[in-house]
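Everything below concerns the one structure shown next.
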Protein chains: 2
Amino acid sequence: MKEIAIGIDIGGTNTVFGIVDKKGNIISKNSILTSGHNDLQTYINVLSTSIKDLLNNLKDEFIFKGIGIGAPNANFHTGTIEHAANLDWKGVLPFADIMKEHFDVPVYLTNDANAAALGEKIYGGAKYMDDFILITLGTGLGSGIFANGRLIYGHSGFAGELGHINAIPNGRLCGCGKKGCLETYVSAKGIVNNAIDFLNSTDEDSLLRDIENFTSKDIYEAALKNDIIALQVFDFTANILGISLADAVAILNPEAIFLFGGLANAGDFILQPAKEYMEENLLEVFKDKVEILPSQLEGGNAAILGASALVFTN
Amino acid sequence: MKEIAIGIDIGGTNTVFGIVDKKGNIISKNSILTSGHNDLQTYINVLSTSIKDLLNNLKDEFIFKGIGIGAPNANFHTGTIEHAANLDWKGVLPFADIMKEHFDVPVYLTNDANAAALGEKIYGGAKYMDDFILITLGTGLGSGIFANGRLIYGHSGFAGELGHINAIPNGRLCGCGKKGCLETYVSAKGIVNNAIDFLNSTDEDSLLRDIENFTSKDIYEAALKNDIIALQVFDFTANILGISLADAVAILNPEAIFLFGGLANAGDFILQPAKEYMEENLLEVFKDKVEILPSQLEGGNAAILGASALVFTN
């Protein structure tokens with residue numbers, strides 16, 4: 001009989017979920033809105049009903065192994081979501097416990113980046129790696145770290161906050177309240193702010209000057225057209241990323257670093273120069289030994305796969 | 001029957017070694033000079049003979065479990081010492097393999113900081129911790145990292161090079177060839193250079209001006225006498241350390257950070273302010289949750305204990 005798990009990815013806007021088998025095949029999937037519900041209990045009621053519908057429609061018999069959830073500010077140790085800025089519900093939410101009232105299976109919860117790293121390990125490019133880092137480049141910058149073949153959660157469940165290391169002393173103000181955090185420069189939002197700084201510091205022509213509220217995607221498209229400002233912005237961003245990756249390598253000595261998410265798709269504008277800047281800043285013993293790779297998980301399903309991997313690895 | 005291990009600490013000048021039981025009692029110990037031998041083979045002959053003497057003098061029967069060695073630039077995975085600047089023998093030395101020709105037991109090799117971290121875990125203050133960092137503040141700055149209850153060696157055996165993260169952009173030249181590495185500011189040698197910079201930048205009186213080639217110990221003693229420059233130098237050094245520790249916490253989320261070695265003994269001049277600067281730079285979720293502690297291993301025997309712990313943990 002086939003073993004299956006439910007993988008759930010909770011984003012600020014949508015919650016996507018699916019039935020996944022042990023090989024990483026998504027048997028079926030669906031989504032609901034994350035926001036707009038009266039309260040957390042109502043949201044979880046809607047979510048649970050939708051999941052049960054999916055399960056009821058399964059034709060073959062199966063063994064339901066558990067539920068894995070990727071969510072912002074999620075704590076693996078406690079099964080709680082804590083003070084998530086992008087969700088409607090504030091405070092410390094006993095998310096896993098409430099889910100267990102609806103399903104008689106183990107429920108695991110971790111943050112988005114950890115879930116993505118697990119997905120990379122189980123289904124993606126890190127299958128045969130014991131030591132690697134996965135970096136999510138979305139609105140912010142998150143990371144999931146494997147060492148000795150296991151995900152590092154840390155003492156209180158919040159390891160992997162690479163987005164909040166001190167990249168630029170007394171630099172840009174971060175949403176976390178600190179200054180100069182890596183994600184204020186290297187993320188979809190960070191690169192837009194980098195571009196604004198570049199545009200404000202020169203009279204150089206740029207396609208970006210004609211776009212109101214341009215996005216990281218607009219910067220990428222401008223770079224494809226050889227826009228000088230856009231190319232400089234990518235180089236600047238890759239430089240900061242490369243130096244920080246060199247620091248992460250010095251501490252963790254990974255086999256590879258995977259980049260995941262929107263900005264990671266900017267390919268040669270970010271991966272290749274980040275690799276070069278990293279190499280410049282590596283100790284001799286690490287040079288030419290650490291690969292920077294795009295995530296091997298298929299974009300649309302990666303979050304569900306990562307969340308379901310929580311079930312098959314615990 | 002008692003289980004025993006041999007712990008060996010190879011320093012640039014002396015090699016100290018001892019017989020250790022599983023509880024961390026040093027039954028007997030001795031030392032030989034590291035340098036001044038014709039070649040590596042001769043040195044290992046002398047070392048092996050001295051160890052066999054110790055073993056032959058043991059009164060009780062025992063089970064000889066293995067040999068653990070802490071050495072600079074040692075690679076746990078391969079049992080080699082690689083390009084160690086402070087040793088007579090250059091290149092990649094198959095140290096563990098040569099030792100195995102003399103002893104029919106497992107031989108484990110790792111770098112000094114990893115050995116110290118193992119010692120802290122088995123015999124010291126980290127007995128009940130799964131996630132912690134030990135930092136050695138000697139001539140340089142090294143670190144050993146535990147996550148999920150296991151030492152992190154990394155893919156090629158060189159994890160824990162916290163001394164070579166980028167602390168000051170384009171800062172002081174490091175022995176490794178990079179610029180601004182943490183250990184160029186935070187180490188016995190680093191703090192002396194910090195003091196020289198402070199003395200050269202002001203006319204302020206200082207006890208240090210009267211000491212030719214002053215050491216980190218002289219700076220400590222001047223600070224004890226409220227020497228303003230010495231106090232400023234400690235504050236400056238602790239600030240750089242604190243910011244870097246905050247970065248390490250963001251990545252690893254440890255329960256505690258242990259400081260080990262000469263400079264760590266400067267107590268309140270370094271531990272307390274480093275803790276304050278670290279707290280200032282921590283994400284909210286980590287604040288007031290990470291202790292900075294002096295190593296609980298007794299100084300003179302720590303290196304032997306740490307090396308012997310390699311045997312009892314593998």
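Chain labels A, B, ... are given in the sequence in which chains occur in the structure tokens; within each chain residues are numbered consecutively from 1, and ligands are likewise numbered from 1 in the order shown.
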
Give the residues of chain B that lie within 7 Å of chain A; count only C-alpha atoms, and format the answer as a ChimeraX atom specification.
-> /B:131,147-148,152,154-156,158-162,164-166,176,178,247,250-255,281,283

Write out as a ChimeraX atom specification the residues lying within 7 Å of Tyr108 (chain B), counting only C-alpha atoms and excluding same-chain residues fewer than 6 positions away.
-> /B:67-69,76,79,96,310-311

Contacts of Lys90 (chain A) at 12 Å or less, counting only C-alpha atoms, minus same-chain residues fewer than 3 places along, as a ChimeraX atom specification?
-> /A:39-40,73,80-87,93-94

Dump of C-alpha atoms for the selected residues, as a short mmCIF file (atom, residue, chain, number, x, y, z; two decimals), in the first residue's frame:
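Done, and the output landed in again_25.cif:
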data_model
loop_
_atom_site.label_atom_id
_atom_site.label_comp_id
_atom_site.auth_asym_id
_atom_site.auth_seq_id
_atom_site.Cartn_x
_atom_site.Cartn_y
_atom_site.Cartn_z
CA ASP A 39 -10.12 33.73 13.01
CA LEU A 40 -7.44 31.05 13.03
CA ASN A 73 8.19 32.11 11.62
CA THR A 80 3.96 27.05 16.79
CA ILE A 81 3.93 30.01 14.40
CA GLU A 82 5.39 32.97 16.28
CA HIS A 83 4.71 36.64 15.52
CA ALA A 84 4.51 36.27 11.74
CA ALA A 85 4.38 39.73 10.19
CA ASN A 86 2.62 38.58 6.99
CA LEU A 87 -0.21 36.56 8.57
CA LEU A 93 -0.14 30.20 17.46
CA PRO A 94 -0.27 26.50 18.49
#

Nearby residues (only C-alpha atoms) at most 9 Å from region 198-210 of chain B, same-chain spacing under 3 positions excluded, as a ChimeraX atom specification = /B:193-195,214,218-219,222,225,227-230,232-233

Can you write just those residues out, N, CA and C atoms, as a PDB file, in the first residue's frame?
ATOM      1  N   ASN B 193      47.557  44.161  18.098  1.00  0.00           N
ATOM      2  CA  ASN B 193      47.506  45.095  16.964  1.00  0.00           C
ATOM      3  C   ASN B 193      46.440  46.169  17.155  1.00  0.00           C
ATOM      4  N   ASN B 194      45.318  45.796  17.789  1.00  0.00           N
ATOM      5  CA  ASN B 194      44.309  46.814  18.112  1.00  0.00           C
ATOM      6  C   ASN B 194      44.924  47.884  19.011  1.00  0.00           C
ATOM      7  N   ALA B 195      45.693  47.443  20.018  1.00  0.00           N
ATOM      8  CA  ALA B 195      46.296  48.379  20.974  1.00  0.00           C
ATOM      9  C   ALA B 195      47.312  49.276  20.273  1.00  0.00           C
ATOM     10  N   PHE B 214      54.713  44.608  23.859  1.00  0.00           N
ATOM     11  CA  PHE B 214      53.741  44.141  24.868  1.00  0.00           C
ATOM     12  C   PHE B 214      52.856  43.035  24.291  1.00  0.00           C
ATOM     13  N   ASP B 218      49.834  41.816  28.897  1.00  0.00           N
ATOM     14  CA  ASP B 218      50.165  43.179  29.352  1.00  0.00           C
ATOM     15  C   ASP B 218      48.946  44.101  29.218  1.00  0.00           C
ATOM     16  N   ILE B 219      48.190  43.927  28.142  1.00  0.00           N
ATOM     17  CA  ILE B 219      46.996  44.768  27.954  1.00  0.00           C
ATOM     18  C   ILE B 219      45.989  44.477  29.066  1.00  0.00           C
ATOM     19  N   ALA B 222      47.216  46.061  32.262  1.00  0.00           N
ATOM     20  CA  ALA B 222      46.994  47.513  32.209  1.00  0.00           C
ATOM     21  C   ALA B 222      45.522  47.838  32.444  1.00  0.00           C
ATOM     22  N   LYS B 225      44.542  47.923  35.902  1.00  0.00           N
ATOM     23  CA  LYS B 225      44.959  49.170  36.566  1.00  0.00           C
ATOM     24  C   LYS B 225      44.228  50.373  35.982  1.00  0.00           C
ATOM     25  N   ASP B 227      43.918  51.466  33.014  1.00  0.00           N
ATOM     26  CA  ASP B 227      44.560  52.166  31.900  1.00  0.00           C
ATOM     27  C   ASP B 227      43.511  52.429  30.804  1.00  0.00           C
ATOM     28  N   ILE B 228      43.334  53.727  30.475  1.00  0.00           N
ATOM     29  CA  ILE B 228      42.218  54.089  29.586  1.00  0.00           C
ATOM     30  C   ILE B 228      42.357  53.447  28.209  1.00  0.00           C
ATOM     31  N   ILE B 229      43.563  53.473  27.637  1.00  0.00           N
ATOM     32  CA  ILE B 229      43.770  52.859  26.319  1.00  0.00           C
ATOM     33  C   ILE B 229      43.456  51.361  26.374  1.00  0.00           C
ATOM     34  N   ALA B 230      43.961  50.699  27.410  1.00  0.00           N
ATOM     35  CA  ALA B 230      43.732  49.248  27.526  1.00  0.00           C
ATOM     36  C   ALA B 230      42.231  48.952  27.619  1.00  0.00           C
ATOM     37  N   GLN B 232      39.791  50.850  26.459  1.00  0.00           N
ATOM     38  CA  GLN B 232      39.203  51.120  25.143  1.00  0.00           C
ATOM     39  C   GLN B 232      39.487  49.978  24.172  1.00  0.00           C
ATOM     40  N   VAL B 233      40.682  49.431  24.246  1.00  0.00           N
ATOM     41  CA  VAL B 233      41.064  48.347  23.347  1.00  0.00           C
ATOM     42  C   VAL B 233      40.203  47.101  23.609  1.00  0.00           C
TER      43      VAL B 233
END

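In this structure, CA of Tyr128 (chain A) sits 18.0 Å away from CA of Asn314 (chain A).
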
Within 10 Å of Ala115 (chain B), counting only C-alpha atoms, which residues show up once you throw out same-chain ones fewer than 5 positions away? Write them as an MDAnalysis selection string, please.
-> chainID B and resid 7 9 68:71 109:110 120:121 134 143:144 151 302:310

Selected residues, C-alpha atoms, written as a CSV table (one decimal), in the first residue's frame, please.
chain,number,residue,atom,x,y,z
B,7,GLY,CA,44.7,12.2,24.2
B,9,ASP,CA,47.7,17.8,21.7
B,68,GLY,CA,42.7,11.1,19.8
B,69,ILE,CA,44.8,13.9,18.4
B,70,GLY,CA,44.2,17.6,18.3
B,71,ALA,CA,46.5,19.4,15.9
B,109,LEU,CA,42.5,13.4,14.4
B,110,THR,CA,40.9,16.8,14.4
B,120,GLU,CA,33.5,20.7,26.6
B,121,LYS,CA,30.7,18.3,25.5
B,134,LEU,CA,33.2,26.8,21.5
B,143,SER,CA,35.8,27.4,16.7
B,144,GLY,CA,34.2,24.1,17.2
B,151,LEU,CA,30.3,18.2,16.0
B,302,ALA,CA,41.9,20.8,28.4
B,303,ALA,CA,43.7,20.0,25.3
B,304,ILE,CA,44.4,16.4,26.3
B,305,LEU,CA,40.9,15.9,27.5
B,306,GLY,CA,39.5,17.3,24.3
B,307,ALA,CA,41.7,15.0,22.1
B,308,SER,CA,40.8,11.9,24.2
B,309,ALA,CA,37.1,12.8,23.8
B,310,LEU,CA,37.5,12.0,20.1

Distance criterion (only C-alpha atoms): nearest to Asp21 (chain B) out of B:Ile63, B:Ala266, B:Ala113, B:Val46 |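 Smallest separation from Asp21 (chain B) among the options: B:Ile63.
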